[in-house]
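Enquirer: My structure is stored as structure.cif, with mmCIF, C-alpha atoms.
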```
data_query
loop_
_atom_site.group_PDB
_atom_site.id
_atom_site.type_symbol
_atom_site.label_atom_id
_atom_site.label_comp_id
_atom_site.auth_asym_id
_atom_site.auth_seq_id
_atom_site.Cartn_x
_atom_site.Cartn_y
_atom_site.Cartn_z
ATOM 1 C CA MET A 204 1.883 -12.054 30.925
ATOM 2 C CA GLN A 205 5.570 -12.869 30.790
ATOM 3 C CA ASN A 206 8.041 -10.496 32.395
ATOM 4 C CA ARG A 207 10.027 -8.248 30.124
ATOM 5 C CA ALA A 208 13.398 -9.886 30.741
ATOM 6 C CA GLY A 209 11.968 -13.308 29.939
ATOM 7 C CA LEU A 210 10.378 -12.063 26.732
ATOM 8 C CA VAL A 211 13.573 -10.364 25.589
ATOM 9 C CA GLU A 212 15.595 -13.518 26.281
ATOM 10 C CA LYS A 213 13.191 -15.649 24.233
ATOM 11 C CA ILE A 214 13.196 -13.114 21.386
ATOM 12 C CA LEU A 215 16.984 -12.994 21.224
ATOM 13 C CA LYS A 216 17.298 -16.793 21.234
ATOM 14 C CA LEU A 217 14.631 -17.275 18.583
ATOM 15 C CA LYS A 218 16.054 -14.447 16.490
ATOM 16 C CA GLU A 219 19.363 -16.277 16.349
ATOM 17 C CA LYS A 220 17.674 -19.582 15.507
ATOM 18 C CA ARG A 221 15.648 -17.984 12.701
ATOM 19 C CA LYS A 222 18.667 -16.026 11.385
ATOM 20 C CA ALA A 223 16.466 -12.969 11.726
ATOM 21 C CA ILE A 224 17.076 -9.253 12.017
ATOM 22 C CA ILE A 225 14.733 -6.924 13.923
ATOM 23 C CA LEU A 226 14.140 -3.444 12.518
ATOM 24 C CA ALA A 227 12.438 -0.669 14.477
ATOM 25 C CA HIS A 228 11.277 2.653 13.137
ATOM 26 C CA ASN A 229 12.134 5.750 15.151
ATOM 27 C CA TYR A 230 8.491 6.102 16.260
ATOM 28 C CA GLN A 231 8.236 2.635 17.828
ATOM 29 C CA PRO A 232 7.765 2.200 21.608
ATOM 30 C CA PRO A 233 11.013 2.282 23.621
ATOM 31 C CA GLU A 234 10.853 -1.436 24.474
ATOM 32 C CA ILE A 235 10.810 -2.254 20.755
ATOM 33 C CA GLN A 236 13.595 0.173 19.880
ATOM 34 C CA ASP A 237 15.712 -1.361 22.643
ATOM 35 C CA ILE A 238 15.590 -4.908 21.217
ATOM 36 C CA ALA A 239 16.076 -3.897 17.580
ATOM 37 C CA ASP A 240 19.239 -4.630 15.636
ATOM 38 C CA LEU A 241 18.678 -1.491 13.568
ATOM 39 C CA ARG A 242 16.680 1.686 14.247
ATOM 40 C CA GLY A 243 15.968 4.544 11.862
ATOM 41 C CA ASP A 244 13.842 5.789 8.960
ATOM 42 C CA SER A 245 11.876 3.205 6.994
ATOM 43 C CA LEU A 246 13.835 3.155 3.734
ATOM 44 C CA GLU A 247 17.162 3.439 5.536
ATOM 45 C CA LEU A 248 16.237 0.338 7.561
ATOM 46 C CA SER A 249 15.145 -1.645 4.511
ATOM 47 C CA LEU A 250 18.327 -0.872 2.605
ATOM 48 C CA LYS A 251 20.578 -1.754 5.542
ATOM 49 C CA ALA A 252 18.706 -5.014 6.129
ATOM 50 C CA SER A 253 19.066 -5.953 2.451
ATOM 51 C CA LYS A 254 22.844 -5.927 2.852
ATOM 52 C CA THR A 255 22.817 -8.426 5.740
ATOM 53 C CA ASP A 256 22.821 -12.217 5.566
ATOM 54 C CA ALA A 257 19.613 -12.398 7.612
ATOM 55 C CA GLU A 258 17.029 -14.821 6.256
ATOM 56 C CA VAL A 259 14.103 -13.190 8.075
ATOM 57 C CA ILE A 260 13.304 -9.492 8.542
ATOM 58 C CA VAL A 261 10.999 -8.583 11.423
ATOM 59 C CA PHE A 262 9.888 -5.038 10.651
ATOM 60 C CA CYS A 263 8.518 -3.136 13.627
ATOM 61 C CA GLY A 264 6.753 -0.261 11.960
ATOM 62 C CA VAL A 265 3.728 0.074 9.690
ATOM 63 C CA PHE A 266 2.776 -2.061 6.722
ATOM 64 C CA PHE A 267 4.203 0.013 3.858
ATOM 65 C CA MET A 268 7.605 -0.155 5.587
ATOM 66 C CA ALA A 269 7.529 -3.947 5.666
ATOM 67 C CA GLU A 270 6.462 -3.889 2.014
ATOM 68 C CA THR A 271 9.481 -1.736 1.178
ATOM 69 C CA ALA A 272 11.754 -4.226 2.918
ATOM 70 C CA LYS A 273 10.271 -6.971 0.743
ATOM 71 C CA ILE A 274 10.682 -4.824 -2.371
ATOM 72 C CA VAL A 275 14.444 -4.541 -1.837
ATOM 73 C CA SER A 276 14.946 -8.001 -0.279
ATOM 74 C CA PRO A 277 12.776 -10.403 -2.297
ATOM 75 C CA GLN A 278 14.841 -13.413 -1.227
ATOM 76 C CA LYS A 279 14.212 -12.768 2.478
ATOM 77 C CA LYS A 280 11.065 -13.565 4.439
ATOM 78 C CA VAL A 281 9.596 -10.302 5.756
ATOM 79 C CA VAL A 282 7.106 -10.229 8.616
ATOM 80 C CA ILE A 283 5.373 -7.427 10.491
ATOM 81 C CA PRO A 284 4.412 -8.370 14.062
ATOM 82 C CA VAL A 285 0.984 -6.690 13.904
ATOM 83 C CA GLY A 286 -0.711 -6.964 10.535
ATOM 84 C CA SER A 287 -3.159 -4.125 11.237
ATOM 85 C CA ALA A 288 -0.372 -1.563 11.788
ATOM 86 C CA CYS A 289 -0.955 0.675 8.794
ATOM 87 C CA CYS A 290 -0.154 4.233 7.712
ATOM 88 C CA ASP A 291 -3.173 6.506 7.297
ATOM 89 C CA MET A 292 -1.367 8.658 4.742
ATOM 90 C CA ALA A 293 -0.248 5.692 2.634
ATOM 91 C CA ASN A 294 -3.844 4.456 2.566
ATOM 92 C CA MET A 295 -5.143 7.827 1.339
ATOM 93 C CA VAL A 296 -3.930 7.217 -2.225
ATOM 94 C CA SER A 297 -4.920 4.205 -4.323
ATOM 95 C CA PRO A 298 -3.570 2.827 -7.623
ATOM 96 C CA GLU A 299 -6.751 4.154 -9.231
ATOM 97 C CA ASP A 300 -5.895 7.652 -7.994
ATOM 98 C CA VAL A 301 -2.462 7.437 -9.627
ATOM 99 C CA LYS A 302 -3.957 6.234 -12.906
ATOM 100 C CA ALA A 303 -6.487 9.079 -12.845
ATOM 101 C CA LEU A 304 -3.704 11.636 -12.288
ATOM 102 C CA ARG A 305 -1.696 10.192 -15.173
ATOM 103 C CA GLU A 306 -4.746 10.442 -17.434
ATOM 104 C CA LYS A 307 -5.416 14.023 -16.349
ATOM 105 C CA TYR A 308 -1.759 15.072 -16.716
ATOM 106 C CA PRO A 309 -0.291 12.875 -19.481
ATOM 107 C CA GLY A 310 3.492 12.828 -19.673
ATOM 108 C CA ILE A 311 4.003 14.514 -16.284
ATOM 109 C CA PRO A 312 6.483 12.642 -14.021
ATOM 110 C CA VAL A 313 5.084 11.092 -10.861
ATOM 111 C CA VAL A 314 7.304 11.378 -7.770
ATOM 112 C CA THR A 315 5.999 9.230 -4.936
ATOM 113 C CA TYR A 316 6.928 9.456 -1.274
ATOM 114 C CA VAL A 317 8.140 6.122 0.122
ATOM 115 C CA ASN A 318 5.253 6.413 2.607
ATOM 116 C CA SER A 319 3.008 4.666 0.094
ATOM 117 C CA THR A 320 1.881 1.169 -0.808
ATOM 118 C CA ALA A 321 3.851 -1.099 -3.127
ATOM 119 C CA GLU A 322 1.079 -0.861 -5.728
ATOM 120 C CA VAL A 323 1.306 2.934 -5.773
ATOM 121 C CA LYS A 324 5.112 2.855 -5.965
ATOM 122 C CA ALA A 325 4.790 0.464 -8.928
ATOM 123 C CA LEU A 326 2.817 3.088 -10.877
ATOM 124 C CA SER A 327 5.326 5.876 -10.171
ATOM 125 C CA ASP A 328 8.354 7.145 -12.076
ATOM 126 C CA VAL A 329 10.527 7.524 -9.006
ATOM 127 C CA CYS A 330 10.262 7.431 -5.226
ATOM 128 C CA CYS A 331 11.579 9.969 -2.741
ATOM 129 C CA THR A 332 12.025 10.315 0.992
ATOM 130 C CA SER A 333 11.395 13.363 3.150
ATOM 131 C CA ALA A 334 15.174 13.809 3.242
ATOM 132 C CA ASN A 335 15.838 13.679 -0.514
ATOM 133 C CA ALA A 336 12.565 14.914 -2.086
ATOM 134 C CA ILE A 337 14.054 18.309 -2.992
ATOM 135 C CA LYS A 338 16.980 16.700 -4.805
ATOM 136 C CA VAL A 339 14.820 14.111 -6.592
ATOM 137 C CA VAL A 340 12.391 16.732 -7.939
ATOM 138 C CA GLY A 341 15.321 18.902 -9.047
ATOM 139 C CA THR A 342 16.600 16.207 -11.395
ATOM 140 C CA PHE A 343 13.547 16.551 -13.632
ATOM 141 C CA PRO A 344 13.710 19.248 -16.324
ATOM 142 C CA ASP A 345 9.914 19.181 -16.549
ATOM 143 C CA LYS A 346 8.046 22.317 -15.533
ATOM 144 C CA LYS A 347 5.304 20.240 -13.938
ATOM 145 C CA ILE A 348 5.726 17.411 -11.448
ATOM 146 C CA ILE A 349 3.109 15.260 -9.736
ATOM 147 C CA MET A 350 3.905 14.456 -6.094
ATOM 148 C CA LEU A 351 1.981 12.083 -3.892
ATOM 149 C CA PRO A 352 0.611 11.222 -1.433
ATOM 150 C CA ASP A 353 1.709 13.984 0.983
ATOM 151 C CA MET A 354 0.581 17.490 0.082
ATOM 152 C CA ASN A 355 2.642 19.043 2.871
ATOM 153 C CA LEU A 356 5.879 17.496 1.628
ATOM 154 C CA ALA A 357 4.981 18.626 -1.897
ATOM 155 C CA ARG A 358 4.316 22.189 -0.738
ATOM 156 C CA TYR A 359 7.615 22.190 1.133
ATOM 157 C CA VAL A 360 9.497 21.069 -1.987
ATOM 158 C CA GLN A 361 7.655 23.710 -4.046
ATOM 159 C CA ARG A 362 9.460 26.435 -2.061
ATOM 160 C CA PHE A 363 12.742 25.408 -3.668
ATOM 161 C CA TYR A 364 11.437 25.395 -7.253
ATOM 162 C CA PRO A 365 9.418 28.544 -7.987
ATOM 163 C CA ASP A 366 9.854 27.858 -11.715
ATOM 164 C CA LYS A 367 8.054 24.517 -11.448
ATOM 165 C CA GLU A 368 4.434 23.662 -10.739
ATOM 166 C CA ILE A 369 4.109 20.804 -8.290
ATOM 167 C CA ILE A 370 0.741 19.141 -8.641
ATOM 168 C CA TYR A 371 0.041 17.436 -5.364
ATOM 169 C CA PHE A 372 -2.374 14.819 -4.180
ATOM 170 C CA GLU A 373 -4.264 15.957 -1.088
ATOM 171 C CA GLY A 374 -3.001 13.291 1.279
ATOM 172 C CA PHE A 375 -1.310 14.016 4.586
ATOM 173 C CA CYS A 376 -0.032 12.477 7.805
ATOM 174 C CA PRO A 377 -2.865 13.171 10.267
ATOM 175 C CA PHE A 378 -0.473 13.494 13.185
ATOM 176 C CA HIS A 379 1.995 15.911 11.579
ATOM 177 C CA HIS A 380 -0.960 17.819 10.128
ATOM 178 C CA MET A 381 -2.401 18.258 13.648
ATOM 179 C CA LEU A 382 0.553 20.376 14.739
ATOM 180 C CA LEU A 383 -0.603 24.006 14.593
ATOM 181 C CA PRO A 384 1.348 27.288 14.640
ATOM 182 C CA GLU A 385 -0.144 28.161 18.030
ATOM 183 C CA ASP A 386 1.262 24.914 19.473
ATOM 184 C CA VAL A 387 4.717 25.860 18.258
ATOM 185 C CA MET A 388 4.463 29.463 19.421
ATOM 186 C CA LYS A 389 3.403 28.315 22.888
ATOM 187 C CA ALA A 390 6.377 25.929 23.077
ATOM 188 C CA LYS A 391 8.746 28.635 21.864
ATOM 189 C CA LYS A 392 7.444 31.003 24.539
ATOM 190 C CA GLU A 393 7.910 28.346 27.227
ATOM 191 C CA HIS A 394 11.385 27.388 25.983
ATOM 192 C CA PRO A 395 12.916 30.550 24.468
ATOM 193 C CA SER A 396 16.403 29.037 24.180
ATOM 194 C CA ALA A 397 15.221 25.990 22.248
ATOM 195 C CA VAL A 398 15.683 25.427 18.524
ATOM 196 C CA PHE A 399 12.559 24.273 16.658
ATOM 197 C CA ILE A 400 13.008 21.448 14.132
ATOM 198 C CA ALA A 401 9.979 20.580 11.995
ATOM 199 C CA HIS A 402 9.325 17.534 9.840
ATOM 200 C CA PRO A 403 8.524 18.241 6.157
ATOM 201 C CA GLU A 404 5.141 16.555 6.679
ATOM 202 C CA CYS A 405 4.057 19.522 8.830
ATOM 203 C CA ARG A 406 1.740 22.269 7.575
ATOM 204 C CA PRO A 407 3.364 25.156 5.644
ATOM 205 C CA GLU A 408 2.533 27.623 8.425
ATOM 206 C CA VAL A 409 4.388 25.387 10.901
ATOM 207 C CA ILE A 410 7.352 25.064 8.533
ATOM 208 C CA ASP A 411 7.471 28.877 8.479
ATOM 209 C CA LEU A 412 8.251 28.853 12.200
ATOM 210 C CA ALA A 413 11.030 26.265 11.997
ATOM 211 C CA ASP A 414 14.717 26.926 12.527
ATOM 212 C CA TYR A 415 15.429 23.675 10.680
ATOM 213 C CA VAL A 416 13.360 21.226 8.634
ATOM 214 C CA ALA A 417 14.465 17.592 8.655
ATOM 215 C CA SER A 418 13.434 13.945 8.428
ATOM 216 C CA THR A 419 13.608 11.860 11.597
ATOM 217 C CA SER A 420 17.151 10.727 10.797
ATOM 218 C CA GLY A 421 17.980 14.330 9.968
ATOM 219 C CA MET A 422 16.662 15.427 13.357
ATOM 220 C CA LEU A 423 18.835 12.841 15.094
ATOM 221 C CA ARG A 424 21.846 14.108 13.159
ATOM 222 C CA LEU A 425 21.106 17.783 13.851
ATOM 223 C CA ALA A 426 20.658 17.135 17.566
ATOM 224 C CA LYS A 427 24.174 15.732 17.676
ATOM 225 C CA GLU A 428 25.810 18.323 15.433
ATOM 226 C CA LEU A 429 24.234 21.558 16.656
ATOM 227 C CA PRO A 430 25.732 23.283 19.711
ATOM 228 C CA HIS A 431 22.291 24.037 21.167
ATOM 229 C CA LYS A 432 21.228 22.299 24.364
ATOM 230 C CA GLU A 433 17.449 22.594 23.986
ATOM 231 C CA PHE A 434 15.227 21.505 21.097
ATOM 232 C CA ILE A 435 11.532 21.585 20.249
ATOM 233 C CA ILE A 436 10.783 18.586 18.057
ATOM 234 C CA GLY A 437 7.988 18.783 15.493
ATOM 235 C CA THR A 438 7.350 15.147 14.690
ATOM 236 C CA GLU A 439 5.701 12.059 16.218
ATOM 237 C CA VAL A 440 6.452 11.828 19.934
ATOM 238 C CA GLY A 441 8.305 8.512 19.593
ATOM 239 C CA LEU A 442 11.398 10.277 18.283
ATOM 240 C CA LEU A 443 12.044 11.910 21.658
ATOM 241 C CA TYR A 444 13.194 8.558 23.033
ATOM 242 C CA PRO A 445 16.169 8.007 20.682
ATOM 243 C CA LEU A 446 16.954 11.733 20.744
ATOM 244 C CA SER A 447 17.254 11.738 24.529
ATOM 245 C CA LYS A 448 19.076 8.415 24.568
ATOM 246 C CA GLU A 449 21.706 9.571 22.070
ATOM 247 C CA ASN A 450 22.055 13.056 23.584
ATOM 248 C CA PRO A 451 21.867 12.734 27.386
ATOM 249 C CA ASP A 452 23.334 16.210 27.826
ATOM 250 C CA LYS A 453 20.535 17.873 25.853
ATOM 251 C CA VAL A 454 16.832 18.485 26.498
ATOM 252 C CA PHE A 455 14.026 17.801 24.019
ATOM 253 C CA TYR A 456 10.523 19.241 24.198
ATOM 254 C CA HIS A 457 7.416 18.393 22.223
ATOM 255 C CA PRO A 458 4.959 21.161 21.229
ATOM 256 C CA ALA A 459 1.868 18.897 21.179
ATOM 257 C CA PRO A 460 2.565 15.473 22.720
ATOM 258 C CA GLU A 461 -1.111 14.620 23.142
ATOM 259 C CA LYS A 462 -1.836 15.231 19.439
ATOM 260 C CA MET A 463 1.112 13.672 17.687
ATOM 261 C CA VAL A 464 0.891 10.024 18.714
ATOM 262 C CA CYS A 465 0.463 7.576 15.838
ATOM 263 C CA PRO A 466 -1.619 4.659 17.218
ATOM 264 C CA SER A 467 -0.412 2.290 14.497
ATOM 265 C CA MET A 468 3.208 2.953 15.441
ATOM 266 C CA LYS A 469 2.433 1.998 19.038
ATOM 267 C CA LYS A 470 0.641 -1.300 18.325
ATOM 268 C CA ILE A 471 3.649 -3.608 18.418
ATOM 269 C CA ARG A 472 4.646 -5.084 21.759
ATOM 270 C CA LEU A 473 7.359 -7.549 22.790
ATOM 271 C CA GLU A 474 4.766 -10.335 22.789
ATOM 272 C CA ASP A 475 3.998 -9.548 19.138
ATOM 273 C CA VAL A 476 7.670 -9.686 18.160
ATOM 274 C CA LEU A 477 8.028 -13.055 19.875
ATOM 275 C CA ARG A 478 4.950 -14.430 18.127
ATOM 276 C CA ALA A 479 6.180 -13.110 14.786
ATOM 277 C CA LEU A 480 9.431 -15.018 15.259
ATOM 278 C CA GLU A 481 7.646 -18.151 16.454
ATOM 279 C CA GLU A 482 5.014 -18.275 13.733
ATOM 280 C CA LEU A 483 6.627 -16.062 11.045
ATOM 281 C CA GLU A 484 3.520 -13.947 10.792
ATOM 282 C CA PHE A 485 2.309 -11.650 9.407
ATOM 283 C CA GLU A 486 4.321 -12.301 6.252
ATOM 284 C CA VAL A 487 4.479 -9.716 3.486
ATOM 285 C CA VAL A 488 3.834 -11.252 0.066
ATOM 286 C CA LEU A 489 3.936 -9.145 -3.102
ATOM 287 C CA PRO A 490 3.125 -10.120 -6.696
ATOM 288 C CA GLU A 491 6.479 -10.184 -8.493
ATOM 289 C CA GLU A 492 5.267 -7.838 -11.227
ATOM 290 C CA VAL A 493 4.300 -5.230 -8.626
ATOM 291 C CA ARG A 494 7.504 -5.765 -6.665
ATOM 292 C CA ILE A 495 9.751 -5.281 -9.704
ATOM 293 C CA LYS A 496 7.990 -2.097 -10.818
ATOM 294 C CA ALA A 497 8.082 -0.707 -7.292
ATOM 295 C CA TYR A 498 11.751 -1.662 -7.003
ATOM 296 C CA ASN A 499 12.521 0.219 -10.221
ATOM 297 C CA ALA A 500 10.979 3.403 -8.758
ATOM 298 C CA VAL A 501 13.106 2.996 -5.607
ATOM 299 C CA LYS A 502 16.205 2.152 -7.673
ATOM 300 C CA ARG A 503 15.842 5.336 -9.740
ATOM 301 C CA MET A 504 15.768 7.351 -6.541
ATOM 302 C CA LEU A 505 18.910 5.647 -5.266
ATOM 303 C CA GLU A 506 20.674 6.376 -8.556
ATOM 304 C CA ILE A 507 19.848 10.074 -8.079
ATOM 305 C CA VAL A 508 20.891 10.418 -4.452
#
```
Take the structure in the file and give it back as structure tokens.

Expert:
Amino acid sequence: MQNRAGLVEKILKLKEKRKAIILAHNYQPPEIQDIADLRGDSLELSLKASKTDAEVIVFCGVFFMAETAKIVSPQKKVVIPVGSACCDMANMVSPEDVKALREKYPGIPVVTYVNSTAEVKALSDVCCTSANAIKVVGTFPDKKIIMLPDMNLARYVQRFYPDKEIIYFEGFCPFHHMLLPEDVMKAKKEHPSAVFIAHPECRPEVIDLADYVASTSGMLRLAKELPHKEFIIGTEVGLLYPLSKENPDKVFYHPAPEKMVCPSMKKIRLEDVLRALEELEFEVVLPEEVRIKAYNAVKRMLEIV
């Protein structure tokens, strides 16, 4: 086992040689966030990387995120250091599920969360993020909208459009879904001065208890902008690291740290990043027909927001 400093030095040298850029999602382990060129939400990272002159993207996250990077940067080589790092929610919905929904509800627009596979994006009308889902759905005059794969995000968006019927697929993020109202109430009792920020992937009854609802990037922004000094954070535990790092004068609590740990987000280690740069594995390869259709769904979203 090489020491950390030695690994980091090798990674930085090889990154330069490969003309690579390292992206790390907000839920990644601290050691991975620390060596990344860019940190943030998945789509935000992919879009920023597409505007660089990097020839290789090393995406430290889960597989759909690396796919998204490939969708918007087809000319770049995209690798994910651990090929088995996948998103349970993204894997809950298949292309066949989307086709079945379209057959059952002909003519109804399909709005798909970016936390989905490239094949599912390719069968959608438009993508959305947790930050812009409300706005994206609002652009459709239709009285019915299909949203997938996250039922909790769909139910959150439904609150803003009582005149619409949002037909949702019953997928969910297991780790956000594990957060229960009693967890939040206990944390609020223990930290009465703290503001509770929930992720839109949380259950409706948890959203009801939130002072604010925001994506991970939104939480980072709120922590900086709000005058409060204490926060309860309702998302995967990995976000507490960048929150604390960017706001050393503030304190961040987690209502259920033992529940909300995504194993796939913790798989990547420095050794994996080094191997990915050495061997350029595991490379993301998409059929061009799928990539173009998926890109069109992302592009429509970007035209809206």

Enquirer: List the residues selected by the PyMOL selection byres ((chain A and resi 234-251) around 8) in the file shown, writing them as a PyMOL selection string.

Expert: chain A and resi 211+224-229+231-233+252-255+263-264+268+271-272+275-276+317+332+419-420+471-473

Enquirer: Enumerate, as JSON, numbers by chain, the residues matched when the PyMOL selection byres ((chain A and resi 389-401) around 7) is run on the file above.

Expert: {"A": [385, 386, 387, 388, 402, 403, 405, 410, 413, 414, 415, 416, 417, 433, 434, 435, 436, 437, 438, 458]}

Enquirer: The PyMOL selection byres ((chain A and resi 273) around 12) on the file shown: which residues, as an NGL selection string?

Expert: :A and (246 or 248-250 or 252-253 or 258-262 or 266-272 or 274-283 or 320-321 or 486-491 or 493-495 or 497-498)

Enquirer: One number please: atom CA of A:Ile507 to atom CA of A:Tyr359, in Å, one decimal.

Expert: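 Interatomic distance here is 19.5 Å.
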
Enquirer: Just to confirm, what's the straight-line distance from atom CA of A:Ala293 to atom CA of A:Leu423 in Å (one decimal)?

Expert: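 Separation between atom CA of A:Ala293 and atom CA of A:Leu423: 23.9 Å.
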